[in-house]
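What follows is a set of notes on a single structure, which appears directly below.
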Protein chains: 2
Amino acid sequence: MKEIFAEVITIGDEILYGQTLDTNTYWIGQQLNLIGVKIIQKTSIGDTREHILLALAEAEQRADIILITGGLGPTKDDITKKTLAVYFDSPISVNELALKDVEDFFASRGRAMNNLNRMQAELPDKCQIIHNSVGTAPGMWFEKGGKVFVSMPGVPHEMKKMMIEQVLPRFSKVFPLPVIYHKMIKTAGIGESWLSEKIEDWEDNLPPHIRLAYLPDLGQVKLRLTAVGNNRAQLEKDVAAQVQTLLPQVGEYVYGYGDDTLEGTIGNLLLERKKTVATAESCTGGYMAHAITSVPGSSRYFQGGVIPYHNDLKIKVLGVQETTLQQHGAVSEQTVNEMANQVRKLFNADYGLATSGIAGPDGGTDEKPVGTVWIALADGEQTLTHQLSLTKDRTLNIQLTNVGLLNMLRKALMKPLEV
Amino acid sequence: MKEIFAEVITIGDEILYGQTLDTNTYWIGQQLNLIGVKIIQKTSIGDTREHILLALAEAEQRADIILITGGLGPTKDDITKKTLAVYFDSPISVNELALKDVEDFFASRGRAMNNLNRMQAELPDKCQIIHNSVGTAPGMWFEKGGKVFVSMPGVPHEMKKMMIEQVLPRFSKVFPLPVIYHKMIKTAGIGESWLSEKIEDWEDNLPPHIRLAYLPDLGQVKLRLTAVGNNRAQLEKDVAAQVQTLLPQVGEYVYGYGDDTLEGTIGNLLLERKKTVATAESCTGGYMAHAITSVPGSSRYFQGGVIPYHNDLKIKVLGVQETTLQQHGAVSEQTVNEMANQVRKLFNADYGLATSGIAGPDGGTDEKPVGTVWIALADGEQTLTHQLSLTKDRTLNIQLTNVGLLNMLRKALMKPLEV
């Protein structure tokens, strides 16, 4: 089977000058890799007509798929659309489908359209429109001599939605791609090197058509199994067999597969067990409640939360005892213990979660340096507490605390249901 | 003055396939920009000899400086050095300076050298060595027809040290560089096309040495002014003069400059005015408190927050009146009004912020579709409320609500101080 090659072209000075970190082509690289398209080059250029034309010509020589992002805004410095019209020698006119999309976009938001917005519905006649349901710049699909050129906005969430819903499925139809099957196994609560040691034998015995990759992420490690062949059902069976061999060794750390998230898994467990949860956050400052409520439908099990950032509010709003704070301080096992129990009662929840720590960058002492965090989980019968020693980085500390406590809740929920 | 152009070439499959986020060229872009070198292209390719040779030839045609990172490791898949020797038609032999560096490196760490390490001291005869004090792969500096090629390791801290200590200072000696000055103006509360319409005349009257770019972001638009000349003080003055002309037209939307963030600006305004804030979040589920507390030192003005996700908790924890919820529903002007006032009192804060809405993807009705959000700001004397009509996307709705309400607080804080 012929390999299908892709080149990704990013248009915009902000990436060249280091004003925007290019996460788009990172994500695109992953997506193309997953469907078996081989990326041979990424090219980043400015909003300059001649340079765009040159990059397109160079890419056309080496790639089957040319993906272009950026330069589709309504303002004068965005020239991608006009330049594509020149490259494909195509007149530009109002595209009725695109106009309807833009009109719907503004109507749904109750906002007025101006002339610049209307001009976004003008497209080269030789392209097919790629609908943009979350923005005003349509994408464009061109075909030329068996090659496909796709132009999309540089705004990440607009580009991603177009790719997933329209562009990637269409690539699989247009090009003869090999069958690649991926299974992502998601773990929390164990570091990469420990996990790797535990599963070394299993890894060494994988069959040659199945590869393993470790993808460490904030407080989590993802294991990706990639199987290549020509029969999807067989590949799925082969991978499932390997997972069955793996689970007895590390199952306690596995919280899900594929697109599962830790907060989503917890949501499902809470629903299954008809339990609810409430949060009392000090150092995480609302991030944990945000993580839990980022899951659609979380109102069925999330009762609510409180962020008593100061000691007097831990007492007044949450009912923590003044003597506890005086004797042990806000960042202590005793305080998070009370916080978890109090928030559970205040919000009529089955589980109460609490965090208190020194997120940084300032506020540390010799005894309690930046990165010292206490977490607690109360269920009405017992209270689990745990101390974390994290980093000097505020953002990282907030995120790692969240993963640590959510994983503690997951483990509590994983206990067999009482009969 | 002739402009000096640079191209950055990244060699390595891990960036192409989306396994490593490319932060190197982001950083290099910033550094080159600061010394007035204009980056015209970034190219990312795999460890393939033919492709490296092609990328070098293409880059040589358009750039004065060609910066290459990656592919210098001791293993077989790293072929950059050999390929550069082919490109410059140069034999390879042991470089005594490089050998001493590698020996020193291992000696200082008390580790033994192997043959692979020794081979790292072999360099093309036509290059000058760039010392690597923190790793084993030396960098290479080639000159050809007035153009400079620099090859460095892809390991970020090795590359950065070489750039700062050796490469950047040398560029400034070899090339007559112009001075480039950027100013980023950050706005919230106005869309790109409306902003563009408002400042069209101003934009058309910018002097030829100053350019404008629009960089839209979630509910925000950044304006970047770029001035090119030969005197930094003069450029700063020229740009400052343009900003002064701009501000009377759109100053109400401008929340900051450069690295300022909306939550950081609000923090500074609160500190300046000795005011505090508390949050009552329904649809944003803790995200707003997280945004506010992501700023180091926010405990000086953030009192805390509550996330009463259910009606009974809006009554019990926050003290919203039952009749208000019964008559108007949770997503209503009356309810957010009471939430903002109640949280202000409960947390002893100067400002109370409240959100309530249908984040989606489910839960909408004909009267209140997904994306319907009410926000409120109470300061003890008056309460501002505003309805937003957002998207069908849960995450986006949460983020846009946050920007909308933080910007409402910013505007309230921007009022002149009382005398």
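Residue numbering restarts at 1 in every chain; chains get A, B, ... in the order shown in the structure tokens, and ligands count up from 1 in that same order.
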- Message: Give me the residues near Glu252 of chain A as a list in words, where near means some atom within 9 Å (using only C-alpha atoms) and where sequence neighbours in that chain fewer than 3 positions away do not count.
- Response: Thr187, Leu247, Pro248, Gln249, Tyr255, Lys411 and Met414 of chain A
Go ahead and save the picked residues with all heavy atoms, as a PDB file, in the first residue's frame.
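Result saved to selection30.pdb:
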ATOM      1  N   THR A 187      -3.865   5.693  33.124  1.00  0.00           N
ATOM      2  CA  THR A 187      -3.584   5.379  34.518  1.00  0.00           C
ATOM      3  C   THR A 187      -3.356   6.648  35.331  1.00  0.00           C
ATOM      4  O   THR A 187      -2.977   7.689  34.800  1.00  0.00           O
ATOM      5  CB  THR A 187      -2.319   4.497  34.662  1.00  0.00           C
ATOM      6  OG1 THR A 187      -1.157   5.311  34.425  1.00  0.00           O
ATOM      7  CG2 THR A 187      -2.320   3.345  33.682  1.00  0.00           C
ATOM      8  N   LEU A 247      -4.046  -6.213  32.609  1.00  0.00           N
ATOM      9  CA  LEU A 247      -4.864  -5.722  33.724  1.00  0.00           C
ATOM     10  C   LEU A 247      -4.552  -6.357  35.084  1.00  0.00           C
ATOM     11  O   LEU A 247      -4.504  -5.638  36.087  1.00  0.00           O
ATOM     12  CB  LEU A 247      -6.354  -5.852  33.397  1.00  0.00           C
ATOM     13  CG  LEU A 247      -6.877  -4.753  32.451  1.00  0.00           C
ATOM     14  CD1 LEU A 247      -8.364  -4.941  32.210  1.00  0.00           C
ATOM     15  CD2 LEU A 247      -6.600  -3.362  33.002  1.00  0.00           C
ATOM     16  N   PRO A 248      -4.337  -7.664  35.158  1.00  0.00           N
ATOM     17  CA  PRO A 248      -4.046  -8.226  36.480  1.00  0.00           C
ATOM     18  C   PRO A 248      -2.805  -7.600  37.125  1.00  0.00           C
ATOM     19  O   PRO A 248      -2.665  -7.593  38.346  1.00  0.00           O
ATOM     20  CB  PRO A 248      -3.802  -9.714  36.183  1.00  0.00           C
ATOM     21  CG  PRO A 248      -4.534  -9.975  34.904  1.00  0.00           C
ATOM     22  CD  PRO A 248      -4.437  -8.706  34.125  1.00  0.00           C
ATOM     23  N   GLN A 249      -1.901  -7.032  36.311  1.00  0.00           N
ATOM     24  CA  GLN A 249      -0.661  -6.473  36.857  1.00  0.00           C
ATOM     25  C   GLN A 249      -0.819  -5.027  37.331  1.00  0.00           C
ATOM     26  O   GLN A 249      -0.211  -4.632  38.321  1.00  0.00           O
ATOM     27  CB  GLN A 249       0.450  -6.545  35.794  1.00  0.00           C
ATOM     28  CG  GLN A 249       0.726  -7.966  35.315  1.00  0.00           C
ATOM     29  CD  GLN A 249       1.686  -7.996  34.145  1.00  0.00           C
ATOM     30  OE1 GLN A 249       2.767  -7.430  34.208  1.00  0.00           O
ATOM     31  NE2 GLN A 249       1.283  -8.654  33.076  1.00  0.00           N
ATOM     32  N   TYR A 255      -7.783   3.945  35.121  1.00  0.00           N
ATOM     33  CA  TYR A 255      -9.097   4.532  35.375  1.00  0.00           C
ATOM     34  C   TYR A 255      -9.963   4.561  34.140  1.00  0.00           C
ATOM     35  O   TYR A 255     -11.159   4.842  34.218  1.00  0.00           O
ATOM     36  CB  TYR A 255      -8.973   5.937  35.975  1.00  0.00           C
ATOM     37  CG  TYR A 255      -8.434   6.994  35.042  1.00  0.00           C
ATOM     38  CD1 TYR A 255      -9.245   7.568  34.059  1.00  0.00           C
ATOM     39  CD2 TYR A 255      -7.131   7.440  35.145  1.00  0.00           C
ATOM     40  CE1 TYR A 255      -8.746   8.536  33.204  1.00  0.00           C
ATOM     41  CE2 TYR A 255      -6.630   8.406  34.302  1.00  0.00           C
ATOM     42  CZ  TYR A 255      -7.445   8.951  33.330  1.00  0.00           C
ATOM     43  OH  TYR A 255      -6.963   9.906  32.485  1.00  0.00           O
ATOM     44  N   LYS A 411     -10.479   5.703  43.868  1.00  0.00           N
ATOM     45  CA  LYS A 411     -10.153   4.456  44.565  1.00  0.00           C
ATOM     46  C   LYS A 411     -11.217   4.118  45.611  1.00  0.00           C
ATOM     47  O   LYS A 411     -11.593   2.963  45.778  1.00  0.00           O
ATOM     48  CB  LYS A 411      -8.758   4.538  45.185  1.00  0.00           C
ATOM     49  CG  LYS A 411      -7.665   4.415  44.116  1.00  0.00           C
ATOM     50  CD  LYS A 411      -6.317   4.061  44.703  1.00  0.00           C
ATOM     51  CE  LYS A 411      -5.625   5.279  45.262  1.00  0.00           C
ATOM     52  NZ  LYS A 411      -4.227   5.038  45.656  1.00  0.00           N
ATOM     53  N   MET A 414     -14.146   2.678  43.840  1.00  0.00           N
ATOM     54  CA  MET A 414     -13.914   1.409  43.162  1.00  0.00           C
ATOM     55  C   MET A 414     -14.183   0.204  44.053  1.00  0.00           C
ATOM     56  O   MET A 414     -14.232  -0.918  43.576  1.00  0.00           O
ATOM     57  CB  MET A 414     -12.465   1.318  42.667  1.00  0.00           C
ATOM     58  CG  MET A 414     -12.154   2.191  41.480  1.00  0.00           C
ATOM     59  SD  MET A 414     -13.091   1.707  40.018  1.00  0.00           S
ATOM     60  CE  MET A 414     -12.264   0.157  39.658  1.00  0.00           C
TER      61      MET A 414
END
Just want the 7 Å neighbourhood of Gly71 of chain B, counted on only C-alpha atoms, with same-chain residues fewer than 5 positions away dropped. Output as an mmCIF file with N, CA and C atoms, in the first residue's frame.
data_model
loop_
_atom_site.group_PDB
_atom_site.id
_atom_site.type_symbol
_atom_site.label_atom_id
_atom_site.label_comp_id
_atom_site.auth_asym_id
_atom_site.auth_seq_id
_atom_site.Cartn_x
_atom_site.Cartn_y
_atom_site.Cartn_z
ATOM 1 N N ILE B 11 14.880 19.146 13.107
ATOM 2 C CA ILE B 11 15.032 17.792 12.573
ATOM 3 C C ILE B 11 14.664 16.761 13.634
ATOM 4 N N GLY B 12 13.705 15.897 13.320
ATOM 5 C CA GLY B 12 13.321 14.854 14.281
ATOM 6 C C GLY B 12 11.870 14.434 14.119
ATOM 7 N N ASP B 47 14.206 12.663 10.240
ATOM 8 C CA ASP B 47 15.624 12.297 10.114
ATOM 9 C C ASP B 47 15.866 11.575 8.791
ATOM 10 N N ASP B 78 20.267 9.552 14.282
ATOM 11 C CA ASP B 78 20.618 10.973 14.239
ATOM 12 C C ASP B 78 21.666 11.218 13.156
ATOM 13 N N ILE B 79 21.242 11.873 12.067
ATOM 14 C CA ILE B 79 22.117 11.952 10.900
ATOM 15 C C ILE B 79 22.439 13.385 10.488
ATOM 16 N N THR B 80 22.125 14.348 11.337
ATOM 17 C CA THR B 80 22.303 15.746 10.948
ATOM 18 C C THR B 80 23.761 16.066 10.616
ATOM 19 N N PRO B 153 22.029 21.079 19.248
ATOM 20 C CA PRO B 153 21.233 19.952 19.740
ATOM 21 C C PRO B 153 19.772 20.366 19.944
#
- Task: Define the interface residues of chain A facing chain B as those within 6 Å, counting only C-alpha atoms, and report them as a PyMOL selection string.
- Result: chain A and resi 16-18+21+26+29-30+41-45+109+285-287+289-290+293+303-309
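Residues lying within 8 Å of His182 of chain B, counting only C-alpha atoms and ignoring same-chain neighbours fewer than 4 positions away, are Arg224, Leu225, Thr226 and Ala227 of chain B.
When the distance limit is 9 Å and only C-alpha atoms are what count, the residues near Leu384 of chain B, minus those fewer than 5 positions from it on the same chain, are Asn337, Ile375, Ala376, Leu377, Ala378, Asp379 and Met408 of chain B.
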- Query: Just asking: which residues within segment 299-397 of chain A are helix (DSSP H, G or I) according to DSSP, as a ChimeraX atom specification?
  - Reply: /A:299-300,311-316,322-328,333-346,394-397
Would you write out those residues with C-alpha atoms, as an mmCIF file, in the first residue's frame?
data_model
loop_
_atom_site.group_PDB
_atom_site.id
_atom_site.type_symbol
_atom_site.label_atom_id
_atom_site.label_comp_id
_atom_site.auth_asym_id
_atom_site.auth_seq_id
_atom_site.Cartn_x
_atom_site.Cartn_y
_atom_site.Cartn_z
ATOM 1 C CA SER A 299 -25.089 18.478 38.130
ATOM 2 C CA ARG A 300 -26.517 15.007 38.822
ATOM 3 C CA ASN A 311 -8.971 31.440 57.767
ATOM 4 C CA ASP A 312 -11.865 33.565 59.026
ATOM 5 C CA LEU A 313 -13.989 32.276 56.133
ATOM 6 C CA LYS A 314 -12.968 28.685 56.788
ATOM 7 C CA ILE A 315 -14.525 29.316 60.207
ATOM 8 C CA LYS A 316 -17.514 31.462 59.186
ATOM 9 C CA GLU A 322 -10.904 28.253 65.286
ATOM 10 C CA THR A 323 -8.748 26.186 67.649
ATOM 11 C CA THR A 324 -7.845 23.764 64.842
ATOM 12 C CA LEU A 325 -6.542 26.597 62.692
ATOM 13 C CA GLN A 326 -4.701 28.167 65.616
ATOM 14 C CA GLN A 327 -3.046 24.944 66.758
ATOM 15 C CA HIS A 328 -2.207 23.366 63.424
ATOM 16 C CA GLU A 333 -3.975 17.309 58.301
ATOM 17 C CA GLN A 334 -6.410 18.439 60.986
ATOM 18 C CA THR A 335 -7.693 21.388 58.953
ATOM 19 C CA VAL A 336 -8.301 19.475 55.703
ATOM 20 C CA ASN A 337 -9.946 16.741 57.737
ATOM 21 C CA GLU A 338 -12.449 19.224 59.173
ATOM 22 C CA MET A 339 -12.912 20.949 55.832
ATOM 23 C CA ALA A 340 -13.823 17.672 54.113
ATOM 24 C CA ASN A 341 -16.272 16.706 56.836
ATOM 25 C CA GLN A 342 -17.849 20.154 57.073
ATOM 26 C CA VAL A 343 -18.378 20.618 53.339
ATOM 27 C CA ARG A 344 -19.950 17.170 53.150
ATOM 28 C CA LYS A 345 -22.521 18.196 55.735
ATOM 29 C CA LEU A 346 -23.075 21.747 54.466
ATOM 30 C CA ARG A 394 1.848 27.345 41.149
ATOM 31 C CA THR A 395 -0.092 26.090 38.125
ATOM 32 C CA LEU A 396 1.457 22.635 38.293
ATOM 33 C CA ASN A 397 0.776 22.359 42.025
#
- Query: segment 18-247 of chain B: which residues are strand (DSSP E or B) by DSSP, as a PyMOL selection string?
  - Reply: chain B and resi 38-45+65-69+92-94+122-124+128-130+139-144+147-152+179-188+210-217+220-229
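Nearest to Ile65 of chain B of all the residues B:Glu263, B:Asp350, B:Glu3, B:Glu200 is B:Glu3, counting only C-alpha atoms.
What separates atom CA of Leu413 of chain B from atom CA of Lys275 of chain B is a distance of 9.2 Å.
Take atom CA of Thr355 of chain B and atom CA of Gln321 of chain B: the distance between them is 16.4 Å.
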- Find the residues near Leu72 of chain B: any atom within 12 Å, counting only C-alpha atoms, skip ones fewer than 5 places away on the same chain, and give them as a VMD selection string. chain B and resid 10 to 12 47 77 to 84 116 to 117 119 to 123 132 135 to 140 151 to 155 158 to 159
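Neighbours of Asn407 of chain B closer than or equal to 8 Å, with only C-alpha atoms counted and sequence neighbours fewer than 6 positions away skipped, come out as Ala188, Gly189 and Leu262 of chain B.
Within the 8 Å cut-off around Gly191 of chain A, using only C-alpha atoms and omitting residues fewer than 3 positions from it on the same chain, the listed residues are Trp194, Leu195, Gly219, Gln220 and Val221 of chain A.
The coordinates place atom CA of Thr75 of chain B at 28.7 Å from atom CA of Ile35 of chain A.
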